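Visitor: So here's final_17.cif, just mmCIF, C-alpha atoms and all ligand atoms:
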data_start
loop_
_atom_site.label_atom_id
_atom_site.label_comp_id
_atom_site.auth_asym_id
_atom_site.auth_seq_id
_atom_site.Cartn_x
_atom_site.Cartn_y
_atom_site.Cartn_z
CA MET A 1 119.24 -9.51 60.80
CA LEU A 2 116.27 -11.10 62.54
CA LYS A 3 114.01 -13.31 60.49
CA PRO A 4 110.32 -12.46 59.96
CA PRO A 5 107.87 -14.32 62.22
CA ARG A 6 106.59 -17.71 61.14
CA SER A 7 103.27 -17.46 62.94
CA ALA A 8 100.22 -15.37 62.17
CA TYR A 9 97.06 -14.55 64.12
CA ILE A 10 93.97 -13.36 62.23
CA HIS A 11 91.23 -11.63 64.21
CA ILE A 12 87.62 -12.07 63.09
CA PRO A 13 85.78 -9.61 65.34
CA PHE A 14 82.20 -10.70 64.71
CA CYS A 15 79.92 -12.42 67.20
CA HIS A 16 76.18 -12.85 67.27
CA ARG A 17 75.94 -11.19 70.66
CA ARG A 18 78.28 -10.30 73.50
CA CYS A 19 78.61 -12.92 76.24
CA PHE A 20 78.17 -11.50 79.73
CA TYR A 21 81.83 -11.90 80.70
CA CYS A 22 83.44 -10.73 77.46
CA ASP A 23 85.31 -7.47 76.86
CA PHE A 24 87.08 -8.45 73.61
CA ALA A 25 87.23 -6.19 70.56
CA ILE A 26 84.12 -7.64 68.91
CA ILE A 27 81.23 -6.47 66.75
CA PRO A 28 77.89 -8.08 67.74
CA LEU A 29 75.92 -8.68 64.53
CA GLY A 30 72.74 -10.04 66.11
CA ASP A 31 71.39 -13.55 66.48
CA ASN A 32 70.33 -13.74 62.81
CA ALA A 33 73.70 -12.78 61.34
CA ASP A 34 74.47 -14.76 58.20
CA SER A 35 77.63 -14.37 56.15
CA ASN A 36 75.98 -15.93 53.09
CA GLY A 37 74.41 -12.71 51.86
CA GLY A 38 72.15 -12.26 54.91
CA VAL A 39 72.19 -9.97 57.95
CA GLY A 40 75.64 -8.54 58.61
CA SER A 41 77.21 -9.90 55.43
CA LYS A 42 78.04 -6.43 54.08
CA THR A 43 79.79 -5.56 57.34
CA ILE A 44 81.72 -8.83 57.18
CA ASN A 45 82.78 -8.41 53.54
CA ASP A 46 83.79 -4.83 54.16
CA TYR A 47 86.00 -5.90 57.08
CA LEU A 48 87.53 -8.79 55.09
CA PHE A 49 88.51 -6.33 52.36
CA PHE A 50 90.61 -4.32 54.82
CA LEU A 51 91.89 -7.42 56.60
CA LYS A 52 93.26 -8.81 53.32
CA LYS A 53 94.76 -5.43 52.48
CA GLU A 54 96.59 -5.47 55.80
CA ILE A 55 97.84 -9.03 55.30
CA LEU A 56 99.22 -8.08 51.89
CA SER A 57 100.84 -4.88 53.17
CA ILE A 58 103.64 -6.80 54.88
CA LYS A 59 106.92 -6.57 53.00
CA HIS A 60 109.09 -9.02 54.92
CA LYS A 61 107.10 -12.19 54.32
CA SER A 62 108.30 -15.65 55.26
CA PRO A 63 106.58 -19.07 55.09
CA LEU A 64 104.35 -19.70 58.09
CA SER A 65 104.41 -22.70 60.38
CA THR A 66 101.32 -21.74 62.42
CA ILE A 67 98.17 -19.76 61.61
CA TYR A 68 95.46 -19.07 64.18
CA ILE A 69 92.06 -17.72 63.12
CA GLY A 70 90.51 -16.38 66.31
CA GLY A 71 87.93 -13.90 67.45
CA GLY A 72 85.25 -13.09 68.01
CA THR A 73 83.54 -15.97 66.31
CA PRO A 74 85.39 -16.98 63.12
CA SER A 75 82.78 -19.67 62.44
CA ILE A 76 80.34 -16.87 61.52
CA LEU A 77 82.36 -16.76 58.28
CA ASN A 78 81.51 -19.29 55.60
CA PRO A 79 84.06 -21.86 54.38
CA ASN A 80 84.79 -19.86 51.19
CA GLN A 81 85.72 -16.81 53.22
CA ILE A 82 88.03 -18.90 55.41
CA LYS A 83 89.56 -20.46 52.29
CA ASP A 84 90.22 -17.00 50.80
CA LEU A 85 92.14 -15.98 53.91
CA ILE A 86 94.24 -19.15 54.03
CA ASP A 87 94.91 -18.91 50.28
CA ILE A 88 96.22 -15.37 50.65
CA PHE A 89 98.86 -16.67 53.04
CA LYS A 90 99.58 -19.66 50.81
CA LEU A 91 100.16 -17.48 47.76
CA ASN A 92 101.96 -14.57 49.37
CA TYR A 93 103.81 -15.90 52.42
CA GLY A 94 103.92 -19.64 51.83
CA ILE A 95 102.69 -22.18 54.37
CA ASP A 96 105.01 -24.95 55.56
CA ASN A 97 104.10 -28.56 54.92
CA GLY A 98 102.69 -29.76 58.22
CA ALA A 99 101.85 -26.24 59.42
CA GLU A 100 99.29 -26.02 62.23
CA ILE A 101 96.21 -24.07 61.07
CA THR A 102 93.75 -23.52 63.91
CA MET A 103 90.31 -21.97 63.80
CA GLU A 104 88.06 -21.09 66.74
CA VAL A 105 84.50 -22.36 66.36
CA ASP A 106 81.41 -21.61 68.37
CA PRO A 107 78.83 -24.38 68.93
CA ALA A 108 75.94 -22.12 67.93
CA SER A 109 77.37 -20.95 64.63
CA PHE A 110 78.47 -23.94 62.61
CA ASN A 111 77.27 -27.31 61.43
CA GLU A 112 78.87 -30.47 60.11
CA ASN A 113 78.84 -29.25 56.50
CA ASP A 114 80.63 -26.07 57.51
CA LEU A 115 83.17 -28.18 59.38
CA PHE A 116 83.97 -30.15 56.22
CA GLY A 117 84.20 -26.85 54.33
CA PHE A 118 86.65 -25.40 56.86
CA ILE A 119 88.74 -28.58 56.68
CA LYS A 120 88.75 -28.40 52.89
CA ALA A 121 89.85 -24.78 53.15
CA GLY A 122 92.97 -25.94 55.00
CA VAL A 123 92.08 -25.80 58.71
CA ASN A 124 93.56 -28.81 60.53
CA ARG A 125 92.96 -27.94 64.17
CA PHE A 126 89.80 -26.55 65.82
CA SER A 127 89.27 -24.85 69.13
CA LEU A 128 85.68 -25.18 70.33
CA GLY A 129 84.33 -22.56 72.76
CA GLY A 130 82.16 -24.84 74.87
CA GLN A 131 82.44 -23.21 78.32
CA SER A 132 79.91 -25.59 79.95
CA PHE A 133 77.53 -28.45 79.19
CA ASN A 134 74.99 -27.05 81.62
CA ASN A 135 72.14 -25.11 79.96
CA ASN A 136 71.41 -23.09 83.08
CA LEU A 137 75.05 -21.94 83.41
CA LEU A 138 75.31 -21.23 79.69
CA GLU A 139 72.20 -19.09 79.75
CA LYS A 140 73.35 -17.19 82.82
CA ALA A 141 76.68 -16.46 81.07
CA GLY A 142 74.86 -15.01 78.05
CA ARG A 143 76.03 -17.78 75.72
CA ARG A 144 73.91 -18.40 72.66
CA HIS A 145 74.53 -22.13 72.40
CA THR A 146 72.87 -24.92 74.31
CA PHE A 147 74.04 -28.22 75.72
CA GLU A 148 72.71 -29.94 72.59
CA ASP A 149 74.67 -27.62 70.25
CA LEU A 150 77.84 -28.35 72.19
CA GLU A 151 77.25 -32.10 72.17
CA ASN A 152 76.74 -32.07 68.40
CA SER A 153 79.86 -29.97 67.82
CA CYS A 154 81.94 -32.31 69.99
CA ASP A 155 80.58 -35.31 68.09
CA TRP A 156 81.47 -33.81 64.69
CA LEU A 157 84.96 -32.83 65.80
CA GLN A 158 85.62 -36.16 67.46
CA LYS A 159 84.49 -37.97 64.32
CA ALA A 160 86.65 -35.79 62.06
CA TYR A 161 89.61 -36.41 64.37
CA SER A 162 89.12 -40.16 64.55
CA GLU A 163 88.85 -40.27 60.74
CA ARG A 164 92.14 -38.32 60.60
CA LEU A 165 90.54 -35.44 58.72
CA ILE A 166 92.01 -33.07 61.29
CA ARG A 167 95.20 -33.18 63.30
CA SER A 168 93.71 -32.15 66.64
CA TRP A 169 90.96 -30.26 68.41
CA SER A 170 90.53 -28.50 71.69
CA LEU A 171 87.59 -27.87 73.99
CA ASP A 172 87.40 -24.68 76.10
CA LEU A 173 85.63 -24.76 79.44
CA ILE A 174 85.24 -22.20 82.24
CA GLN A 175 85.68 -23.78 85.64
CA ASP A 176 84.08 -21.18 87.93
CA LEU A 177 80.98 -19.76 86.29
CA PRO A 178 78.51 -18.09 88.67
CA SER A 179 75.96 -20.56 90.11
CA SER A 180 78.33 -23.46 89.48
CA ASN A 181 79.69 -25.66 92.24
CA LEU A 182 82.02 -28.60 92.70
CA ASP A 183 79.38 -31.20 91.77
CA LEU A 184 78.28 -29.37 88.62
CA TRP A 185 81.89 -28.84 87.61
CA ALA A 186 82.64 -32.55 88.03
CA ILE A 187 79.68 -33.35 85.76
CA ASP A 188 80.97 -30.88 83.13
CA LEU A 189 84.45 -32.38 83.19
CA GLU A 190 83.24 -35.95 82.99
CA LYS A 191 80.93 -35.04 80.13
CA ALA A 192 83.78 -33.32 78.27
CA LEU A 193 85.95 -36.42 78.58
CA THR A 194 83.33 -38.62 76.94
CA PHE A 195 84.14 -36.84 73.65
CA LYS A 196 87.88 -37.54 74.03
CA PRO A 197 89.23 -34.13 73.01
CA PRO A 198 93.04 -34.37 72.72
CA HIS A 199 93.41 -30.86 74.16
CA ILE A 200 91.38 -29.04 76.82
CA SER A 201 91.69 -25.40 77.90
CA ILE A 202 90.28 -24.65 81.34
CA TYR A 203 89.80 -20.98 82.08
CA ASP A 204 89.15 -19.07 85.26
CA LEU A 205 86.44 -16.46 85.00
CA ASN A 206 87.80 -12.91 85.03
CA ILE A 207 85.41 -10.08 85.70
CA GLU A 208 86.33 -7.30 83.29
CA ASP A 209 85.27 -3.64 83.48
CA GLY A 210 82.13 -2.75 81.59
CA THR A 211 80.84 -6.31 81.23
CA VAL A 212 77.31 -7.44 82.10
CA PHE A 213 78.78 -9.70 84.77
CA GLN A 214 80.48 -6.77 86.47
CA ARG A 215 77.17 -4.91 86.61
CA MET A 216 75.31 -8.01 87.84
CA ILE A 217 77.79 -8.40 90.68
CA GLU A 218 77.41 -4.73 91.61
CA ILE A 219 73.64 -5.05 91.94
CA GLY A 220 73.93 -8.41 93.70
CA LYS A 221 72.29 -10.42 90.93
CA ILE A 222 75.05 -12.98 90.70
CA ALA A 223 77.67 -14.16 93.14
CA LEU A 224 81.10 -15.40 92.22
CA LEU A 225 82.61 -18.54 93.66
CA ASN A 226 84.85 -17.73 96.62
CA ASP A 227 88.59 -18.44 96.56
CA GLU A 228 88.24 -21.76 98.35
CA GLU A 229 85.51 -22.97 95.96
CA SER A 230 87.58 -21.93 92.93
CA PHE A 231 90.61 -23.65 94.39
CA GLN A 232 88.65 -26.87 94.93
CA ASN A 233 87.34 -26.75 91.34
CA SER A 234 90.87 -26.30 90.09
CA LYS A 235 92.11 -29.19 92.22
CA LEU A 236 89.38 -31.39 90.81
CA THR A 237 90.27 -30.37 87.25
CA ASN A 238 93.82 -31.41 87.85
CA SER A 239 93.05 -34.73 89.37
CA ILE A 240 90.40 -35.76 86.82
CA LEU A 241 92.42 -34.69 83.78
CA ARG A 242 95.63 -36.17 85.09
CA LYS A 243 93.92 -39.51 85.67
CA SER A 244 92.66 -39.35 82.09
CA GLY A 245 96.16 -39.04 80.65
CA PHE A 246 96.34 -35.25 80.23
CA SER A 247 99.40 -33.23 81.09
CA ARG A 248 99.08 -29.61 82.26
CA TYR A 249 101.65 -28.01 79.97
CA GLU A 250 100.50 -24.47 80.72
CA ILE A 251 98.42 -22.99 83.56
CA SER A 252 95.15 -23.17 81.59
CA ASN A 253 96.02 -25.85 79.06
CA TYR A 254 96.01 -29.64 79.19
CA SER A 255 96.79 -32.07 76.40
CA ILE A 256 97.50 -35.69 75.71
CA PRO A 257 101.02 -36.26 74.30
CA GLY A 258 101.66 -34.60 70.94
CA HIS A 259 98.69 -32.21 71.08
CA GLN A 260 100.03 -29.02 72.64
CA SER A 261 99.06 -25.85 70.77
CA ARG A 262 102.10 -24.93 68.70
CA HIS A 263 100.72 -21.49 67.94
CA ASN A 264 100.08 -20.56 71.56
CA ARG A 265 103.59 -21.66 72.52
CA VAL A 266 104.85 -18.89 70.24
CA TYR A 267 103.13 -16.32 72.52
CA TRP A 268 104.22 -17.95 75.75
CA LYS A 269 107.81 -18.24 74.56
CA GLY A 270 107.83 -14.62 73.39
CA ILE A 271 108.81 -15.65 69.85
CA GLY A 272 107.62 -13.06 67.31
CA TRP A 273 104.29 -13.29 65.54
CA TRP A 274 102.26 -11.40 62.98
CA SER A 275 98.77 -10.33 63.79
CA PHE A 276 96.07 -8.98 61.51
CA GLY A 277 92.69 -7.43 62.23
CA GLN A 278 91.18 -4.77 64.40
CA GLY A 279 92.21 -4.76 68.05
CA SER A 280 94.81 -7.48 67.55
CA THR A 281 98.39 -7.24 68.78
CA SER A 282 101.44 -8.26 66.79
CA ALA A 283 105.00 -8.55 68.06
CA PRO A 284 107.19 -9.37 65.06
CA TRP A 285 110.50 -8.76 66.79
CA GLY A 286 109.42 -8.32 70.36
CA ILE A 287 107.97 -4.90 69.62
CA LYS A 288 104.28 -4.94 70.29
CA PHE A 289 101.78 -3.03 68.26
CA THR A 290 98.03 -3.10 68.89
CA ARG A 291 95.71 -2.10 66.08
CA PRO A 292 92.73 0.22 66.72
CA ARG A 293 89.77 -1.53 68.38
CA ILE A 294 87.15 0.54 66.54
CA SER A 295 86.31 -0.54 62.97
CA GLN A 296 86.48 2.90 61.42
CA ASP A 297 89.87 3.64 63.02
CA TYR A 298 91.21 0.24 62.01
CA LYS A 299 90.23 0.76 58.38
CA GLN A 300 91.85 4.20 58.34
CA TRP A 301 94.99 2.74 59.86
CA VAL A 302 95.15 -0.02 57.21
CA THR A 303 94.72 2.58 54.48
CA SER A 304 97.52 4.72 55.87
CA GLN A 305 99.75 1.70 56.40
CA CYS A 306 99.32 0.79 52.72
CA ASP A 307 99.57 4.36 51.39
CA GLU A 308 102.55 5.43 53.43
CA GLY A 309 104.22 2.07 53.90
CA LEU A 310 104.37 2.74 57.63
CA GLU A 311 104.62 -0.89 58.64
CA TYR A 312 104.31 0.03 62.29
CA SER A 313 104.18 -3.57 63.27
CA LEU A 314 107.15 -4.51 61.19
CA VAL A 315 110.00 -2.31 62.27
CA ASN A 316 112.96 -4.62 62.00
CA LYS A 317 115.13 -3.57 64.90
CA SER A 318 117.67 -5.75 66.52
CA ILE A 319 116.87 -4.75 70.06
CA PRO A 320 116.11 -6.83 73.13
CA TYR A 321 112.55 -7.65 74.04
CA LEU A 322 111.16 -4.63 75.83
CA ASP A 323 108.79 -6.31 78.23
CA LEU A 324 110.95 -8.54 80.37
CA ASP A 325 108.27 -8.75 83.05
CA GLU A 326 105.80 -10.00 80.49
CA LYS A 327 108.27 -12.52 79.17
CA ILE A 328 108.77 -13.90 82.67
CA MET A 329 105.01 -13.90 83.29
CA LEU A 330 104.26 -15.84 80.09
CA GLY A 331 107.17 -18.22 80.56
CA MET A 332 106.13 -19.02 84.12
CA ARG A 333 102.75 -20.16 82.83
CA LEU A 334 104.47 -23.07 81.11
CA LYS A 335 105.21 -26.36 82.80
CA GLU A 336 108.91 -26.02 81.96
CA GLY A 337 109.04 -22.42 83.28
CA VAL A 338 111.81 -20.02 82.23
CA ASN A 339 115.57 -19.82 82.34
CA LEU A 340 115.86 -16.51 84.15
CA LYS A 341 119.59 -16.09 83.69
CA ARG A 342 119.27 -16.56 79.94
CA LEU A 343 116.43 -14.02 79.79
CA PHE A 344 118.47 -11.46 81.72
CA ILE A 345 121.47 -11.94 79.44
CA GLU A 346 119.22 -11.57 76.38
CA GLN A 347 118.13 -8.30 77.96
CA GLY A 348 121.69 -7.08 77.44
CA TRP A 349 122.59 -7.14 81.13
CA ASP A 350 126.21 -7.92 82.03
CA GLU A 351 127.13 -10.66 84.47
CA GLU A 352 127.16 -8.44 87.55
CA LYS A 353 123.81 -6.83 86.80
CA THR A 354 122.31 -10.24 86.03
CA LYS A 355 123.55 -11.61 89.34
CA THR A 356 122.30 -8.63 91.36
CA TYR A 357 118.84 -8.58 89.82
CA LEU A 358 118.47 -12.35 89.95
CA ASN A 359 119.32 -12.35 93.66
CA GLN A 360 116.82 -9.55 94.26
CA LEU A 361 114.08 -11.44 92.44
CA LEU A 362 114.84 -14.69 94.25
CA ASP A 363 114.69 -12.77 97.52
CA THR A 364 111.13 -11.64 96.81
CA TRP A 365 110.26 -15.27 96.00
CA LYS A 366 111.93 -16.70 99.13
CA ASP A 367 108.69 -17.90 100.80
CA PHE A 368 107.34 -19.44 97.61
CA ARG A 369 110.54 -21.39 97.12
CA GLU A 370 110.58 -22.59 100.72
CA ASN A 371 106.95 -23.71 100.48
CA GLY A 372 107.47 -25.68 97.28
CA ILE A 373 105.31 -23.31 95.22
CA LEU A 374 108.23 -22.29 93.05
CA CYS A 375 110.89 -24.81 92.03
CA ASN A 376 114.09 -24.65 90.04
CA GLU A 377 116.51 -26.80 88.17
CA GLY A 378 119.64 -24.71 87.78
CA ASP A 379 118.61 -21.36 86.34
CA ARG A 380 115.27 -22.67 85.10
CA PHE A 381 112.42 -21.67 87.41
CA PHE A 382 108.95 -23.17 87.23
CA LEU A 383 105.74 -23.39 89.26
CA SER A 384 104.92 -26.65 90.99
CA ASP A 385 101.78 -28.41 89.78
CA PRO A 386 99.03 -28.09 90.96
CA ILE A 387 99.73 -25.82 93.98
CA GLY A 388 102.20 -23.45 92.29
CA MET A 389 100.15 -23.13 89.13
CA ASP A 390 97.00 -22.44 91.11
CA LEU A 391 98.76 -19.75 93.16
CA SER A 392 100.66 -18.28 90.22
CA ASN A 393 99.15 -14.82 90.69
CA GLN A 394 100.88 -14.32 94.01
CA VAL A 395 104.26 -15.33 92.59
CA LEU A 396 103.78 -13.00 89.63
CA ILE A 397 102.64 -10.05 91.74
CA ASN A 398 105.98 -10.21 93.58
CA MET A 399 107.80 -10.38 90.26
CA PHE A 400 105.98 -7.29 88.95
CA ARG A 401 106.91 -5.39 92.13
CA TRP A 402 110.57 -6.35 91.60
CA TRP A 403 110.32 -5.22 87.96
CA GLU A 404 108.78 -1.86 88.93
CA ASN A 405 111.60 -1.24 91.40
CA ILE A 406 114.38 -1.86 88.95
CA SER A 407 112.95 -0.42 85.73
S1 LIG B 1 81.65 -15.68 71.61
FE1 LIG B 1 83.66 -15.33 72.53
S2 LIG B 1 84.39 -13.41 71.62
FE2 LIG B 1 82.19 -13.55 71.18
S3 LIG B 1 81.24 -12.41 72.84
FE3 LIG B 1 81.27 -14.56 73.50
S4 LIG B 1 83.21 -14.76 74.65
FE4 LIG B 1 83.33 -12.84 73.49
#
Please render this file's structure as structure tokens.
Ligand code: SF4
Guide:
Amino acid sequence: MLKPPRSAYIHIPFCHRRCFYCDFAIIPLGDNADSNGGVGSKTINDYLFFLKKEILSIKHKSPLSTIYIGGGTPSILNPNQIKDLIDIFKLNYGIDNGAEITMEVDPASFNENDLFGFIKAGVNRFSLGGQSFNNNLLEKAGRRHTFEDLENSCDWLQKAYSERLIRSWSLDLIQDLPSSNLDLWAIDLEKALTFKPPHISIYDLNIEDGTVFQRMIEIGKIALLNDEESFQNSKLTNSILRKSGFSRYEISNYSIPGHQSRHNRVYWKGIGWWSFGQGSTSAPWGIKFTRPRISQDYKQWVTSQCDEGLEYSLVNKSIPYLDLDEKIMLGMRLKEGVNLKRLFIEQGWDEEKTKTYLNQLLDTWKDFRENGILCNEGDRFFLSDPIGMDLSNQVLINMFRWWENIS
């Protein structure tokens, strides 16, 4: 029998407003939202009631080694609300000594007192959504925070880290925001490094359907960086962070030794995880289940899950992971890559089938292997860094084509 997951994601869907590039399952509460009895607090408390109900509805509980409170903007919640959530896990699941408990924070929605409160509640790792230190770029991306907010947040986190109040913290940046360029990006990176974050996530901008950015591109109001400009930014990221002692352990993630995100590795490795909250996806035993994105539907689903004991997300079946293509895709994001043969065998394929499909896949990757984009050590395949990681999409597109042909 498979063991219950040891990692849990909690989705807090509230934000003050929607950033221009965001299509997440969020509820914008307005710039004056205040969880301490002010604007939006009823909506927040109502959601937390159902969220806790869902967390408690799980029957097969096991102590957790990672918890990730993400969103949305979890720092809209006050420290007591965060403490309540962590305590529910402590009392009902158990939390390992030394567990990693991460919380996403937004520079415009917390202060140093809140930070101490979150730490007291049990959070020991923070992920700060900085995106840029440039006020013009932040404003054009619809972010609510300013350069000054981000500087203050970095200072508080750096201080808490140096005083060993927290185990680690991470800074998120976007490397190809519209109106940016190589010089501005270099300034952003250098500025980020002055705060010595032990972990940095560098994201590429994706234009999602229905976002303000998509509309602005359509009407010619903003222009995206071209492929060459994005590539140069990415090259610069690599060289600056590498020189500063960071290792790129995943396509978008860099850390100094000992500071990789343990929780995110669970996703990339395809190990099972719980997930709670509207729009979030759990995969306890490789079987994914996404909760409704709309509040009303989510609440109804929680009620039915509790009343009928459906436990959709918890079906304990000993079957192979269904999404092999996704497992390869996530594994290839990691520096160490994936052992393809092992994955195929886990899929239940016999030796002959494994050999045939592996040869077919390697055939579609022939050019990438010859050009040093894709490397291998035995059956473990990984992208070279930086070229392979920067061109990962092309390698993965070929893999998806292979997968479509055989499945
Ligand atoms: S703060 Fe994050 S989750 Fe909220 S709208 Fe902006 S990008 Fe989306």
Visitor: Counting all atoms listed in the file, which residues in chain A sit no more than 8 Å from ligand LIG 1 (chain B)? For each one, give the nearest pair of atoms and the distance in Å, sorted by chain then residue number, as a Markdown table.
Guide:
| residue | atom | partner | partner_atom | distance |
| --- | --- | --- | --- | --- |
| A:Pro13 | CA | B:LIG1 | S2 | 7.5 |
| A:Phe14 | CA | B:LIG1 | FE2 | 7.1 |
| A:Cys15 | CA | B:LIG1 | FE2 | 4.7 |
| A:His16 | CA | B:LIG1 | FE2 | 7.2 |
| A:Arg17 | CA | B:LIG1 | S3 | 5.9 |
| A:Arg18 | CA | B:LIG1 | S3 | 3.7 |
| A:Cys19 | CA | B:LIG1 | FE3 | 4.2 |
| A:Phe20 | CA | B:LIG1 | S3 | 7.6 |
| A:Tyr21 | CA | B:LIG1 | S4 | 6.8 |
| A:Cys22 | CA | B:LIG1 | FE4 | 4.5 |
| A:Asp23 | CA | B:LIG1 | FE4 | 6.6 |
| A:Phe24 | CA | B:LIG1 | FE4 | 5.8 |
| A:Ala25 | CA | B:LIG1 | S2 | 7.8 |
| A:Ile26 | CA | B:LIG1 | S2 | 6.4 |
| A:Pro28 | CA | B:LIG1 | S3 | 7.5 |
| A:Gly71 | CA | B:LIG1 | S2 | 5.5 |
| A:Gly72 | CA | B:LIG1 | S2 | 3.7 |
| A:Thr73 | CA | B:LIG1 | FE2 | 5.6 |
| A:Asp106 | CA | B:LIG1 | S1 | 6.8 |
| A:Gly129 | CA | B:LIG1 | FE1 | 7.3 |
| A:Gly142 | CA | B:LIG1 | FE3 | 7.9 |
| A:Arg143 | CA | B:LIG1 | FE3 | 6.5 |
Visitor: Could you name the residues that touch Met103 in chain A at 9 Å or less, counting all atoms listed in the file, but leaving out those on the same chain fewer than 6 positions away, as a PyMOL selection string?
Guide: chain A and resi 67-70+74-75+118+123-128
Visitor: In Å, how far is it from CA of Lys288 in chain A to CA of Ser57 in chain A?
Guide: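 For CA of Lys288 in chain A relative to CA of Ser57 in chain A, the distance reads 17.5 Å.
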Visitor: Measure the distance from CA of His11 in chain A to CA of Ile200 in chain A in Å and round it to one decimal.
Guide: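 Those two atoms sit 21.5 Å apart.
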Visitor: If we draw a sphere of 12 Å around (75.9, -12.9, 60.9), which residues have at least one atom in it when counting only C-alpha atoms? Please report them as an mmCIF file with C-alpha atoms, in the frame of the given file.
Guide:
data_model
loop_
_atom_site.group_PDB
_atom_site.id
_atom_site.type_symbol
_atom_site.label_atom_id
_atom_site.label_comp_id
_atom_site.auth_asym_id
_atom_site.auth_seq_id
_atom_site.Cartn_x
_atom_site.Cartn_y
_atom_site.Cartn_z
ATOM 1 C CA ILE A 12 87.620 -12.070 63.090
ATOM 2 C CA PRO A 13 85.780 -9.610 65.340
ATOM 3 C CA PHE A 14 82.200 -10.700 64.710
ATOM 4 C CA CYS A 15 79.920 -12.420 67.200
ATOM 5 C CA HIS A 16 76.180 -12.850 67.270
ATOM 6 C CA ARG A 17 75.940 -11.190 70.660
ATOM 7 C CA ILE A 27 81.230 -6.470 66.750
ATOM 8 C CA PRO A 28 77.890 -8.080 67.740
ATOM 9 C CA LEU A 29 75.920 -8.680 64.530
ATOM 10 C CA GLY A 30 72.740 -10.040 66.110
ATOM 11 C CA ASP A 31 71.390 -13.550 66.480
ATOM 12 C CA ASN A 32 70.330 -13.740 62.810
ATOM 13 C CA ALA A 33 73.700 -12.780 61.340
ATOM 14 C CA ASP A 34 74.470 -14.760 58.200
ATOM 15 C CA SER A 35 77.630 -14.370 56.150
ATOM 16 C CA ASN A 36 75.980 -15.930 53.090
ATOM 17 C CA GLY A 37 74.410 -12.710 51.860
ATOM 18 C CA GLY A 38 72.150 -12.260 54.910
ATOM 19 C CA VAL A 39 72.190 -9.970 57.950
ATOM 20 C CA GLY A 40 75.640 -8.540 58.610
ATOM 21 C CA SER A 41 77.210 -9.900 55.430
ATOM 22 C CA LYS A 42 78.040 -6.430 54.080
ATOM 23 C CA THR A 43 79.790 -5.560 57.340
ATOM 24 C CA ILE A 44 81.720 -8.830 57.180
ATOM 25 C CA ASN A 45 82.780 -8.410 53.540
ATOM 26 C CA GLY A 72 85.250 -13.090 68.010
ATOM 27 C CA THR A 73 83.540 -15.970 66.310
ATOM 28 C CA PRO A 74 85.390 -16.980 63.120
ATOM 29 C CA SER A 75 82.780 -19.670 62.440
ATOM 30 C CA ILE A 76 80.340 -16.870 61.520
ATOM 31 C CA LEU A 77 82.360 -16.760 58.280
ATOM 32 C CA ASN A 78 81.510 -19.290 55.600
ATOM 33 C CA ALA A 108 75.940 -22.120 67.930
ATOM 34 C CA SER A 109 77.370 -20.950 64.630
ATOM 35 C CA PHE A 110 78.470 -23.940 62.610
#
